[in-house]
file structure_33.cif (mmCIF, C-alpha atoms and all ligand atoms)
data_work
#
loop_
_atom_site.group_PDB
_atom_site.id
_atom_site.type_symbol
_atom_site.label_atom_id
_atom_site.label_comp_id
_atom_site.auth_asym_id
_atom_site.auth_seq_id
_atom_site.Cartn_x
_atom_site.Cartn_y
_atom_site.Cartn_z
ATOM 1 C CA MET A 1 -64.065 -49.440 19.144
ATOM 2 C CA PRO A 2 -64.699 -45.684 19.190
ATOM 3 C CA VAL A 3 -62.785 -43.691 21.779
ATOM 4 C CA GLU A 4 -65.013 -41.440 23.875
ATOM 5 C CA LEU A 5 -63.946 -37.953 24.886
ATOM 6 C CA SER A 6 -63.864 -39.010 28.544
ATOM 7 C CA LYS A 7 -61.058 -41.486 27.671
ATOM 8 C CA ILE A 8 -58.844 -38.779 26.171
ATOM 9 C CA PRO A 9 -56.593 -37.266 28.847
ATOM 10 C CA THR A 10 -56.523 -33.511 29.332
ATOM 11 C CA LEU A 11 -53.285 -31.640 29.935
ATOM 12 C CA ARG A 12 -54.289 -31.243 33.587
ATOM 13 C CA GLU A 13 -54.506 -35.030 33.919
ATOM 14 C CA LEU A 14 -51.175 -35.461 32.116
ATOM 15 C CA TYR A 15 -49.457 -33.001 34.473
ATOM 16 C CA LYS A 16 -51.000 -34.726 37.491
ATOM 17 C CA SER A 17 -49.895 -38.178 36.358
ATOM 18 C CA GLY A 18 -46.346 -36.944 35.725
ATOM 19 C CA VAL A 19 -46.418 -37.380 31.926
ATOM 20 C CA LEU A 20 -45.966 -33.617 31.487
ATOM 21 C CA HIS A 21 -43.457 -31.595 33.497
ATOM 22 C CA ALA A 22 -43.605 -27.865 34.137
ATOM 23 C CA VAL A 23 -40.700 -25.751 32.895
ATOM 24 C CA SER A 24 -39.360 -22.622 34.562
ATOM 25 C CA ALA A 25 -41.349 -19.426 33.945
ATOM 26 C CA GLU A 26 -38.457 -17.912 31.935
ATOM 27 C CA LYS A 27 -38.576 -20.763 29.450
ATOM 28 C CA ALA A 28 -42.351 -20.718 28.917
ATOM 29 C CA HIS A 29 -43.598 -18.854 25.816
ATOM 30 C CA PHE A 30 -46.988 -18.046 27.402
ATOM 31 C CA SER A 31 -48.245 -17.414 30.921
ATOM 32 C CA PRO A 32 -50.015 -20.161 32.894
ATOM 33 C CA SER A 33 -53.743 -20.607 32.353
ATOM 34 C CA SER A 34 -55.435 -23.120 34.599
ATOM 35 C CA LYS A 35 -58.628 -23.177 32.506
ATOM 36 C CA LEU A 36 -56.813 -24.145 29.323
ATOM 37 C CA LEU A 37 -55.437 -27.314 30.948
ATOM 38 C CA ASP A 38 -58.979 -28.754 30.786
ATOM 39 C CA ARG A 39 -59.547 -27.677 27.194
ATOM 40 C CA VAL A 40 -56.494 -29.258 25.538
ATOM 41 C CA SER A 41 -55.528 -32.928 25.229
ATOM 42 C CA LEU A 42 -52.689 -35.045 23.912
ATOM 43 C CA TYR A 43 -53.660 -38.486 22.594
ATOM 44 C CA GLN A 44 -51.541 -41.174 20.960
ATOM 45 C CA GLY A 45 -53.421 -43.379 18.534
ATOM 46 C CA ASP A 46 -55.700 -43.523 15.524
ATOM 47 C CA ILE A 47 -57.580 -40.272 14.906
ATOM 48 C CA THR A 48 -60.290 -42.138 12.958
ATOM 49 C CA LYS A 49 -61.463 -43.775 16.188
ATOM 50 C CA LEU A 50 -62.249 -40.576 18.074
ATOM 51 C CA GLU A 51 -65.885 -39.931 18.982
ATOM 52 C CA VAL A 52 -65.771 -36.153 18.838
ATOM 53 C CA ASP A 53 -67.417 -33.298 16.933
ATOM 54 C CA SER A 54 -64.596 -32.975 14.387
ATOM 55 C CA ILE A 55 -61.292 -34.448 13.303
ATOM 56 C CA VAL A 56 -58.872 -32.704 10.962
ATOM 57 C CA ASN A 57 -57.628 -34.399 7.820
ATOM 58 C CA ALA A 58 -54.120 -33.635 6.507
ATOM 59 C CA ALA A 59 -55.344 -33.655 2.903
ATOM 60 C CA ASN A 60 -53.939 -32.618 -0.476
ATOM 61 C CA LYS A 61 -55.284 -29.852 -2.734
ATOM 62 C CA SER A 62 -57.624 -32.209 -4.613
ATOM 63 C CA LEU A 63 -59.415 -33.252 -1.380
ATOM 64 C CA LEU A 64 -60.051 -36.577 -3.126
ATOM 65 C CA GLY A 65 -58.014 -38.782 -0.789
ATOM 66 C CA GLY A 66 -54.439 -40.002 -0.597
ATOM 67 C CA GLY A 67 -52.117 -41.903 1.745
ATOM 68 C CA GLY A 68 -51.267 -41.377 5.414
ATOM 69 C CA VAL A 69 -53.962 -40.049 7.696
ATOM 70 C CA ASP A 70 -55.968 -38.925 4.636
ATOM 71 C CA GLY A 71 -56.208 -42.524 3.402
ATOM 72 C CA ALA A 72 -57.127 -43.771 6.878
ATOM 73 C CA ILE A 73 -59.896 -41.160 7.242
ATOM 74 C CA HIS A 74 -61.385 -41.874 3.818
ATOM 75 C CA SER A 75 -61.373 -45.627 4.302
ATOM 76 C CA ALA A 76 -62.987 -45.361 7.749
ATOM 77 C CA ALA A 77 -65.552 -42.763 6.597
ATOM 78 C CA GLY A 78 -66.671 -44.771 3.565
ATOM 79 C CA PRO A 79 -67.344 -43.696 -0.045
ATOM 80 C CA LYS A 80 -69.841 -40.935 0.812
ATOM 81 C CA LEU A 81 -66.976 -38.803 2.089
ATOM 82 C CA VAL A 82 -65.250 -38.627 -1.291
ATOM 83 C CA GLU A 83 -68.633 -37.923 -2.929
ATOM 84 C CA GLU A 84 -69.039 -34.835 -0.750
ATOM 85 C CA CYS A 85 -65.382 -33.869 -1.285
ATOM 86 C CA GLU A 86 -65.950 -33.961 -5.047
ATOM 87 C CA THR A 87 -68.393 -31.049 -4.659
ATOM 88 C CA LEU A 88 -65.852 -28.815 -2.887
ATOM 89 C CA ASN A 89 -63.572 -27.900 -5.835
ATOM 90 C CA GLY A 90 -60.371 -28.688 -3.947
ATOM 91 C CA CYS A 91 -58.660 -26.543 -1.335
ATOM 92 C CA ASP A 92 -55.679 -24.175 -1.316
ATOM 93 C CA THR A 93 -52.628 -24.788 0.831
ATOM 94 C CA GLY A 94 -53.250 -23.259 4.268
ATOM 95 C CA ASP A 95 -57.037 -23.265 3.831
ATOM 96 C CA ALA A 96 -59.650 -25.694 5.222
ATOM 97 C CA LYS A 97 -63.079 -27.063 4.264
ATOM 98 C CA ILE A 98 -65.630 -29.008 6.305
ATOM 99 C CA THR A 99 -67.662 -32.138 5.507
ATOM 100 C CA LYS A 100 -69.734 -34.631 7.430
ATOM 101 C CA GLY A 101 -68.003 -37.624 9.018
ATOM 102 C CA TYR A 102 -70.245 -40.348 7.516
ATOM 103 C CA ASP A 103 -69.163 -43.748 8.930
ATOM 104 C CA LEU A 104 -66.581 -42.188 11.282
ATOM 105 C CA PRO A 105 -67.403 -41.818 14.963
ATOM 106 C CA SER A 106 -66.512 -38.125 14.462
ATOM 107 C CA LYS A 107 -69.466 -35.984 13.312
ATOM 108 C CA HIS A 108 -67.397 -33.863 10.942
ATOM 109 C CA VAL A 109 -64.102 -33.849 9.074
ATOM 110 C CA ILE A 110 -62.214 -30.599 8.574
ATOM 111 C CA HIS A 111 -59.937 -31.044 5.572
ATOM 112 C CA THR A 112 -56.878 -28.823 5.480
ATOM 113 C CA VAL A 113 -53.914 -28.770 3.116
ATOM 114 C CA GLY A 114 -50.509 -28.378 4.722
ATOM 115 C CA PRO A 115 -47.399 -27.128 2.925
ATOM 116 C CA ILE A 116 -44.975 -29.509 1.252
ATOM 117 C CA TYR A 117 -41.870 -28.680 3.278
ATOM 118 C CA SER A 118 -38.613 -27.466 1.813
ATOM 119 C CA GLU A 119 -35.814 -25.662 3.646
ATOM 120 C CA SER A 120 -35.673 -22.954 0.991
ATOM 121 C CA CYS A 121 -39.196 -21.771 1.871
ATOM 122 C CA ALA A 122 -39.256 -22.499 5.595
ATOM 123 C CA GLY A 123 -40.771 -19.090 6.462
ATOM 124 C CA LYS A 124 -43.612 -19.409 3.972
ATOM 125 C CA CYS A 125 -44.199 -23.025 5.017
ATOM 126 C CA ALA A 126 -44.537 -21.915 8.658
ATOM 127 C CA GLU A 127 -47.127 -19.284 7.669
ATOM 128 C CA GLN A 128 -49.088 -21.817 5.645
ATOM 129 C CA LEU A 129 -48.965 -24.409 8.404
ATOM 130 C CA ALA A 130 -50.109 -21.818 10.955
ATOM 131 C CA SER A 131 -52.979 -20.952 8.626
ATOM 132 C CA CYS A 132 -54.009 -24.651 8.474
ATOM 133 C CA TYR A 133 -54.415 -24.708 12.247
ATOM 134 C CA TRP A 134 -56.072 -21.300 12.487
ATOM 135 C CA THR A 135 -58.580 -21.786 9.645
ATOM 136 C CA SER A 136 -59.469 -25.280 10.934
ATOM 137 C CA LEU A 137 -60.095 -23.857 14.411
ATOM 138 C CA GLU A 138 -62.210 -21.057 12.912
ATOM 139 C CA LEU A 139 -64.288 -23.562 10.951
ATOM 140 C CA ALA A 140 -64.937 -25.587 14.089
ATOM 141 C CA PHE A 141 -65.776 -22.449 16.058
ATOM 142 C CA ASP A 142 -68.027 -20.948 13.370
ATOM 143 C CA ASN A 143 -69.947 -24.231 13.110
ATOM 144 C CA SER A 144 -70.416 -24.353 16.911
ATOM 145 C CA LEU A 145 -68.436 -27.594 17.192
ATOM 146 C CA LYS A 146 -67.287 -28.404 20.687
ATOM 147 C CA HIS A 147 -64.213 -30.506 19.867
ATOM 148 C CA ILE A 148 -61.504 -30.628 17.237
ATOM 149 C CA ALA A 149 -58.737 -33.238 16.952
ATOM 150 C CA PHE A 150 -55.601 -32.479 14.928
ATOM 151 C CA PRO A 151 -53.081 -34.901 13.474
ATOM 152 C CA SER A 152 -49.549 -33.559 13.068
ATOM 153 C CA ILE A 153 -50.226 -31.792 9.751
ATOM 154 C CA SER A 154 -47.494 -31.916 7.053
ATOM 155 C CA THR A 155 -45.046 -33.944 9.159
ATOM 156 C CA GLY A 156 -45.534 -37.250 7.310
ATOM 157 C CA ILE A 157 -45.486 -37.450 3.523
ATOM 158 C CA TYR A 158 -45.075 -33.632 3.277
ATOM 159 C CA GLY A 159 -41.784 -33.777 5.221
ATOM 160 C CA TYR A 160 -42.139 -30.909 7.730
ATOM 161 C CA PRO A 161 -39.646 -31.353 10.613
ATOM 162 C CA VAL A 162 -41.689 -32.474 13.623
ATOM 163 C CA PRO A 163 -40.272 -30.075 16.277
ATOM 164 C CA ASP A 164 -40.756 -27.020 14.016
ATOM 165 C CA ALA A 165 -44.280 -28.092 13.078
ATOM 166 C CA THR A 166 -45.144 -28.767 16.715
ATOM 167 C CA HIS A 167 -44.113 -25.234 17.755
ATOM 168 C CA VAL A 168 -46.450 -23.869 15.077
ATOM 169 C CA ALA A 169 -49.324 -26.185 16.093
ATOM 170 C CA LEU A 170 -49.076 -25.395 19.797
ATOM 171 C CA GLY A 171 -48.637 -21.652 19.235
ATOM 172 C CA GLU A 172 -51.658 -21.301 16.956
ATOM 173 C CA VAL A 173 -53.938 -23.306 19.241
ATOM 174 C CA ARG A 174 -52.834 -21.309 22.288
ATOM 175 C CA ARG A 175 -53.418 -17.981 20.491
ATOM 176 C CA PHE A 176 -56.802 -19.135 19.238
ATOM 177 C CA LEU A 177 -58.023 -20.292 22.640
ATOM 178 C CA ASP A 178 -56.759 -17.070 24.236
ATOM 179 C CA THR A 179 -58.820 -14.947 21.844
ATOM 180 C CA HIS A 180 -62.078 -16.901 21.498
ATOM 181 C CA SER A 181 -64.916 -17.782 23.853
ATOM 182 C CA GLU A 182 -65.055 -21.151 25.577
ATOM 183 C CA GLU A 183 -67.602 -22.610 23.157
ATOM 184 C CA LEU A 184 -64.820 -24.754 21.692
ATOM 185 C CA GLU A 185 -64.452 -27.042 24.679
ATOM 186 C CA ARG A 186 -61.612 -29.353 23.643
ATOM 187 C CA VAL A 187 -58.672 -29.294 21.231
ATOM 188 C CA ILE A 188 -56.921 -32.654 20.921
ATOM 189 C CA PHE A 189 -53.427 -33.116 19.526
ATOM 190 C CA VAL A 190 -53.243 -36.639 18.097
ATOM 191 C CA VAL A 191 -49.838 -38.250 17.643
ATOM 192 C CA TRP A 192 -49.120 -41.511 15.930
ATOM 193 C CA SER A 193 -45.505 -42.390 16.757
ATOM 194 C CA ASP A 194 -43.637 -42.503 20.066
ATOM 195 C CA ALA A 195 -41.096 -40.029 18.662
ATOM 196 C CA ASP A 196 -43.837 -37.489 17.903
ATOM 197 C CA LYS A 197 -45.381 -38.021 21.323
ATOM 198 C CA ASP A 198 -42.015 -37.229 22.946
ATOM 199 C CA VAL A 199 -41.795 -33.947 21.032
ATOM 200 C CA TYR A 200 -45.304 -32.881 22.065
ATOM 201 C CA GLU A 201 -44.647 -33.820 25.700
ATOM 202 C CA GLU A 202 -41.498 -31.709 25.686
ATOM 203 C CA LEU A 203 -43.027 -28.657 23.994
ATOM 204 C CA ILE A 204 -46.562 -28.528 25.475
ATOM 205 C CA PRO A 205 -45.287 -27.065 28.802
ATOM 206 C CA LEU A 206 -43.864 -24.068 26.877
ATOM 207 C CA TYR A 207 -47.273 -23.184 25.445
ATOM 208 C CA PHE A 208 -49.609 -24.487 28.157
ATOM 209 C CA PRO A 209 -47.696 -24.067 31.414
ATOM 210 C CA PRO A 210 -49.527 -25.152 34.571
ATOM 211 C CA PRO A 211 -50.224 -22.718 37.432
ATOM 212 C CA GLU A 212 -47.460 -22.853 40.029
ATOM 213 C CA ILE A 213 -49.772 -24.099 42.778
ATOM 214 C CA ASN A 214 -52.902 -26.262 42.903
ATOM 215 C CA LEU A 215 -53.042 -28.152 39.651
HETATM 216 N N1 LIG A 301 -54.173 -41.259 13.105
HETATM 217 C C1 LIG A 301 -53.409 -40.248 13.551
HETATM 218 N N2 LIG A 301 -52.291 -39.822 12.923
HETATM 219 C C2 LIG A 301 -51.929 -40.486 11.804
HETATM 220 C C3 LIG A 301 -52.676 -41.568 11.268
HETATM 221 C C4 LIG A 301 -53.854 -41.953 11.978
HETATM 222 N N3 LIG A 301 -54.643 -42.935 11.542
HETATM 223 N N4 LIG A 301 -52.053 -42.008 10.140
HETATM 224 C C5 LIG A 301 -50.953 -41.237 9.984
HETATM 225 N N5 LIG A 301 -50.872 -40.335 10.988
HETATM 226 P P1 LIG A 301 -49.469 -37.608 6.621
HETATM 227 P P2 LIG A 301 -48.950 -34.928 5.496
HETATM 228 C C6 LIG A 301 -49.884 -39.271 11.216
HETATM 229 O O1 LIG A 301 -48.402 -38.186 5.748
HETATM 230 O O2 LIG A 301 -47.519 -35.000 5.881
HETATM 231 C C7 LIG A 301 -51.579 -37.761 1.943
HETATM 232 O O3 LIG A 301 -51.306 -38.579 0.840
HETATM 233 C C8 LIG A 301 -48.517 -39.438 10.605
HETATM 234 O O4 LIG A 301 -47.716 -40.314 11.397
HETATM 235 O O5 LIG A 301 -50.760 -38.340 6.712
HETATM 236 O O6 LIG A 301 -49.718 -33.658 5.803
HETATM 237 C C9 LIG A 301 -52.413 -36.533 1.571
HETATM 238 O O7 LIG A 301 -53.349 -36.838 0.554
HETATM 239 C C10 LIG A 301 -48.015 -38.005 10.660
HETATM 240 O O8 LIG A 301 -47.567 -37.713 11.974
HETATM 241 O O9 LIG A 301 -49.854 -36.101 6.145
HETATM 242 C C11 LIG A 301 -51.357 -35.585 1.098
HETATM 243 O O10 LIG A 301 -50.993 -35.839 -0.241
HETATM 244 C C12 LIG A 301 -49.276 -37.172 10.417
HETATM 245 O O11 LIG A 301 -50.374 -38.091 10.602
HETATM 246 C C13 LIG A 301 -50.187 -35.873 1.998
HETATM 247 O O12 LIG A 301 -50.357 -37.229 2.424
HETATM 248 C C14 LIG A 301 -49.396 -36.550 9.032
HETATM 249 O O13 LIG A 301 -48.828 -37.415 8.060
HETATM 250 C C15 LIG A 301 -50.197 -35.006 3.226
HETATM 251 O O14 LIG A 301 -49.017 -35.226 3.959
#
call {"tool": "encode", "arguments": {"input": "structure_33.cif", "output": "structure tokens", "more": "lines below"}}
Ligand code: AR6
result
Amino acid sequence: MPVELSKIPTLRELYKSGVLHAVSAEKAHFSPSSKLLDRVSLYQGDITKLEVDSIVNAANKSLLGGGGVDGAIHSAAGPKLVEECETLNGCDTGDAKITKGYDLPSKHVIHTVGPIYSESCAGKCAEQLASCYWTSLELAFDNSLKHIAFPSISTGIYGYPVPDATHVALGEVRRFLDTHSEELERVIFVVWSDADKDVYEELIPLYFPPPEINL
């Protein structure tokens, strides 16, 4: 069954229900923004079920499919997705390309290629991962899409440590939303495992702190 946007909790709802907890102002990396609490969501589950304008695929440079979330997206979208991907000539690490969603409930797929993590190039990996988020957000924005759902790019098969990757993900989305109009109505962070959910719940209040009064 497809999951409608109205079933995906916003950060405001997660603060109200006690899932998210505010941190002290000194700890927060950004100032509170009440509006942003309605424009960002955290959802645990299968990204291929989301009925939204776009979902992001953590692809490889070939864009021709693979394991993990890439495999799940291709099998749910059906064979027309790989046919369109074949026309795209691959994608560089840190870049993103858009296709239709075919049999997915999502209208579009934004394919991005995260870095393969290694400690020896942690700085470069962070830049490339940040670029995945930023270029995917730009693609959604430039195509007038209202929603974008991200999996935790690079943190599966590509081995990026989840807390480090989550700081990058949250930071890029916050900076993007702070500098663009409200046409992009909802950014959804999709987590698969309980452990990843815990990390997002701990770090979201640093990047999207609630106002001190009147949630
Ligand atoms: N819905 C949401 N998240 C998912 C799903 C799903 N259906 N399935 C997995 N995840 P990964 P990467 C989570 O390995 O590290 C492919 O072979 C998963 O738990 O899919 O960027 C590509 O072709 C993890 O948190 O992507 C590349 O070769 C996150 O998605 C390579 O893997 C990303 O894990 C890319 O590796």
call {"tool": "resolve_selection", "arguments": {"input": "structure_33.cif", "expression": "the PyMOL selection byres (((chain A and resi 155) around 12) and not hetatm)", "output": "JSON, numbers by chain"}}
result
{"A": [58, 68, 69, 113, 114, 115, 116, 117, 118, 125, 129, 151, 152, 153, 154, 156, 157, 158, 159, 160, 161, 162, 163, 164, 165, 166, 168, 169, 191, 192, 193, 195, 196]}
call {"tool": "resolve_selection", "arguments": {"input": "structure_33.cif", "expression": "the PyMOL selection byres (((chain A and resi 49) around 12) and not hetatm)", "output": "compact mmCIF listing (two decimals) with C-alpha atoms, in the coordinates of the input"}}
result
# COMPACT_ATOMS: atom_id res chain seq x y z
CA MET A 1 -64.06 -49.44 19.14
CA PRO A 2 -64.70 -45.68 19.19
CA VAL A 3 -62.78 -43.69 21.78
CA GLU A 4 -65.01 -41.44 23.88
CA LEU A 5 -63.95 -37.95 24.89
CA LYS A 7 -61.06 -41.49 27.67
CA ILE A 8 -58.84 -38.78 26.17
CA TYR A 43 -53.66 -38.49 22.59
CA GLN A 44 -51.54 -41.17 20.96
CA GLY A 45 -53.42 -43.38 18.53
CA ASP A 46 -55.70 -43.52 15.52
CA ILE A 47 -57.58 -40.27 14.91
CA THR A 48 -60.29 -42.14 12.96
CA LEU A 50 -62.25 -40.58 18.07
CA GLU A 51 -65.89 -39.93 18.98
CA VAL A 52 -65.77 -36.15 18.84
CA SER A 54 -64.60 -32.98 14.39
CA ILE A 55 -61.29 -34.45 13.30
CA VAL A 69 -53.96 -40.05 7.70
CA ALA A 72 -57.13 -43.77 6.88
CA ILE A 73 -59.90 -41.16 7.24
CA ALA A 76 -62.99 -45.36 7.75
CA ALA A 77 -65.55 -42.76 6.60
CA GLY A 101 -68.00 -37.62 9.02
CA ASP A 103 -69.16 -43.75 8.93
CA LEU A 104 -66.58 -42.19 11.28
CA PRO A 105 -67.40 -41.82 14.96
CA SER A 106 -66.51 -38.12 14.46
CA LYS A 107 -69.47 -35.98 13.31
CA ALA A 149 -58.74 -33.24 16.95
CA VAL A 190 -53.24 -36.64 18.10
call {"tool": "atom_distance", "arguments": {"input": "structure_33.cif", "atom1": "atom CA of Gly67 of chain A", "atom2": "atom C9 of ligand LIG 301 (chain A)"}}
result
5.4 Å
call {"tool": "axis_aligned_box", "arguments": {"input": "structure_33.cif", "around": "ligand LIG 301 (chain A)", "padding_each_side": "6 Å", "output": "AutoDock Vina command-line options"}}
result
--center_x -51.1 --center_y -38.3 --center_z 6.7 --size_x 19.1 --size_y 21.3 --size_z 25.8
call {"tool": "closest_residue", "arguments": {"input": "structure_33.cif", "among": "A:Ser31, A:Ser6, A:Thr87, A:Thr112", "to": "ligand LIG 301 (chain A)", "atoms": "all atoms listed in the file"}}
result
A:Thr112
call {"tool": "atom_distance", "arguments": {"input": "structure_33.cif", "atom1": "atom CA of Thr10 of chain A", "atom2": "atom CA of Lys35 of chain A"}}
result
11.0 Å
call {"tool": "resolve_selection", "arguments": {"input": "structure_33.cif", "expression": "the PyMOL selection byres (((chain A and resi 207) around 10) and not hetatm)", "output": "PDB file with C-alpha atoms, in the coordinates of the input"}}
result
ATOM      1  CA  LYS A  27     -38.576 -20.763  29.450  1.00  0.00           C
ATOM      2  CA  ALA A  28     -42.351 -20.718  28.917  1.00  0.00           C
ATOM      3  CA  HIS A  29     -43.598 -18.854  25.816  1.00  0.00           C
ATOM      4  CA  PHE A  30     -46.988 -18.046  27.402  1.00  0.00           C
ATOM      5  CA  SER A  31     -48.245 -17.414  30.921  1.00  0.00           C
ATOM      6  CA  PRO A  32     -50.015 -20.161  32.894  1.00  0.00           C
ATOM      7  CA  SER A  33     -53.743 -20.607  32.353  1.00  0.00           C
ATOM      8  CA  HIS A 167     -44.113 -25.234  17.755  1.00  0.00           C
ATOM      9  CA  LEU A 170     -49.076 -25.395  19.797  1.00  0.00           C
ATOM     10  CA  GLY A 171     -48.637 -21.652  19.235  1.00  0.00           C
ATOM     11  CA  GLU A 172     -51.658 -21.301  16.956  1.00  0.00           C
ATOM     12  CA  VAL A 173     -53.938 -23.306  19.241  1.00  0.00           C
ATOM     13  CA  ARG A 174     -52.834 -21.309  22.288  1.00  0.00           C
ATOM     14  CA  ARG A 175     -53.418 -17.981  20.491  1.00  0.00           C
ATOM     15  CA  LEU A 203     -43.027 -28.657  23.994  1.00  0.00           C
ATOM     16  CA  ILE A 204     -46.562 -28.528  25.475  1.00  0.00           C
ATOM     17  CA  PRO A 205     -45.287 -27.065  28.802  1.00  0.00           C
ATOM     18  CA  LEU A 206     -43.864 -24.068  26.877  1.00  0.00           C
ATOM     19  CA  PHE A 208     -49.609 -24.487  28.157  1.00  0.00           C
ATOM     20  CA  PRO A 209     -47.696 -24.067  31.414  1.00  0.00           C
ATOM     21  CA  PRO A 210     -49.527 -25.152  34.571  1.00  0.00           C
TER      22      PRO A 210
END
call {"tool": "atom_distance", "arguments": {"input": "structure_33.cif", "atom1": "atom O7 of ligand LIG 301 (chain A)", "atom2": "atom CA of Trp134 of chain A"}}
result
19.8 Å
call {"tool": "residues_near_point", "arguments": {"input": "structure_33.cif", "point": "(-44.5, -34.2, 26.0)", "cutoff": "10 Å", "atoms": "all atoms listed in the file", "output": "ChimeraX atom specification"}}
result
/A:11,14-15,19-21,42,195-205
call {"tool": "write_last_selection", "arguments": {"input": "structure_33.cif", "atoms": "C-alpha atoms", "output": "PDB file, in the frame of the given file"}}
result
ATOM      1  CA  LEU A  11     -53.285 -31.640  29.935  1.00  0.00           C
ATOM      2  CA  LEU A  14     -51.175 -35.461  32.116  1.00  0.00           C
ATOM      3  CA  TYR A  15     -49.457 -33.001  34.473  1.00  0.00           C
ATOM      4  CA  VAL A  19     -46.418 -37.380  31.926  1.00  0.00           C
ATOM      5  CA  LEU A  20     -45.966 -33.617  31.487  1.00  0.00           C
ATOM      6  CA  HIS A  21     -43.457 -31.595  33.497  1.00  0.00           C
ATOM      7  CA  LEU A  42     -52.689 -35.045  23.912  1.00  0.00           C
ATOM      8  CA  ALA A 195     -41.096 -40.029  18.662  1.00  0.00           C
ATOM      9  CA  ASP A 196     -43.837 -37.489  17.903  1.00  0.00           C
ATOM     10  CA  LYS A 197     -45.381 -38.021  21.323  1.00  0.00           C
ATOM     11  CA  ASP A 198     -42.015 -37.229  22.946  1.00  0.00           C
ATOM     12  CA  VAL A 199     -41.795 -33.947  21.032  1.00  0.00           C
ATOM     13  CA  TYR A 200     -45.304 -32.881  22.065  1.00  0.00           C
ATOM     14  CA  GLU A 201     -44.647 -33.820  25.700  1.00  0.00           C
ATOM     15  CA  GLU A 202     -41.498 -31.709  25.686  1.00  0.00           C
ATOM     16  CA  LEU A 203     -43.027 -28.657  23.994  1.00  0.00           C
ATOM     17  CA  ILE A 204     -46.562 -28.528  25.475  1.00  0.00           C
ATOM     18  CA  PRO A 205     -45.287 -27.065  28.802  1.00  0.00           C
TER      19      PRO A 205
END
call {"tool": "closest_residue", "arguments": {"input": "structure_33.cif", "among": "A:Pro9, A:Gly18, A:Gly78, A:Gly94", "to": "ligand LIG 301 (chain A)", "atoms": "only C-alpha atoms and all ligand atoms"}}
result
A:Gly94
call {"tool": "closest_residue", "arguments": {"input": "structure_33.cif", "among": "A:Ser34, A:Thr93, A:Ser24, A:Ser17", "to": "ligand LIG 301 (chain A)", "atoms": "all atoms listed in the file"}}
result
A:Thr93
call {"tool": "closest_residue", "arguments": {"input": "structure_33.cif", "among": "A:Tyr102, A:Tyr133, A:Phe141, A:Phe176", "to": "ligand LIG 301 (chain A)", "atoms": "all atoms listed in the file"}}
result
A:Tyr133
call {"tool": "closest_residue", "arguments": {"input": "structure_33.cif", "among": "A:Lys61, A:Arg186, A:Lys124, A:His180", "to": "ligand LIG 301 (chain A)", "atoms": "only C-alpha atoms and all ligand atoms"}}
result
A:Lys61
call {"tool": "closest_residue", "arguments": {"input": "structure_33.cif", "among": "A:Ser75, A:Ser41, A:Asn60, A:Asn89", "to": "ligand LIG 301 (chain A)", "atoms": "all atoms listed in the file"}}
result
A:Asn60
call {"tool": "decode", "arguments": {"input": "structure_33.cif", "residues": "segment 14-25 of chain A", "atoms": "N, CA and C atoms", "output": "mmCIF file, in the first residue's frame"}}
result
data_model
loop_
_atom_site.group_PDB
_atom_site.id
_atom_site.type_symbol
_atom_site.label_atom_id
_atom_site.label_comp_id
_atom_site.auth_asym_id
_atom_site.auth_seq_id
_atom_site.Cartn_x
_atom_site.Cartn_y
_atom_site.Cartn_z
ATOM 1 N N LEU A 14 6.550 15.290 15.539
ATOM 2 C CA LEU A 14 7.464 14.427 16.310
ATOM 3 C C LEU A 14 7.931 15.098 17.601
ATOM 4 N N TYR A 15 8.078 16.429 17.580
ATOM 5 C CA TYR A 15 8.374 17.135 18.839
ATOM 6 C C TYR A 15 7.167 17.049 19.772
ATOM 7 N N LYS A 16 5.979 17.295 19.201
ATOM 8 C CA LYS A 16 4.771 17.298 20.045
ATOM 9 C C LYS A 16 4.533 15.946 20.688
ATOM 10 N N SER A 17 4.799 14.874 19.960
ATOM 11 C CA SER A 17 4.522 13.536 20.500
ATOM 12 C C SER A 17 5.666 13.025 21.383
ATOM 13 N N GLY A 18 6.724 13.835 21.528
ATOM 14 C CA GLY A 18 7.806 13.452 22.431
ATOM 15 C C GLY A 18 8.849 12.527 21.814
ATOM 16 N N VAL A 19 8.758 12.295 20.499
ATOM 17 C CA VAL A 19 9.784 11.482 19.817
ATOM 18 C C VAL A 19 11.081 12.276 19.710
ATOM 19 N N LEU A 20 10.948 13.578 19.413
ATOM 20 C CA LEU A 20 12.124 14.458 19.346
ATOM 21 C C LEU A 20 12.155 15.342 20.583
ATOM 22 N N HIS A 21 13.378 15.614 21.044
ATOM 23 C CA HIS A 21 13.548 16.440 22.257
ATOM 24 C C HIS A 21 14.465 17.612 21.954
ATOM 25 N N ALA A 22 14.020 18.804 22.319
ATOM 26 C CA ALA A 22 14.845 19.995 22.108
ATOM 27 C C ALA A 22 16.143 19.901 22.895
ATOM 28 N N VAL A 23 17.213 20.478 22.320
ATOM 29 C CA VAL A 23 18.482 20.581 23.044
ATOM 30 C C VAL A 23 18.665 22.042 23.458
ATOM 31 N N SER A 24 19.647 22.293 24.319
ATOM 32 C CA SER A 24 19.867 23.674 24.742
ATOM 33 C C SER A 24 20.378 24.496 23.548
ATOM 34 N N ALA A 25 20.094 25.812 23.607
ATOM 35 C CA ALA A 25 20.442 26.694 22.484
ATOM 36 C C ALA A 25 21.940 26.650 22.176
#
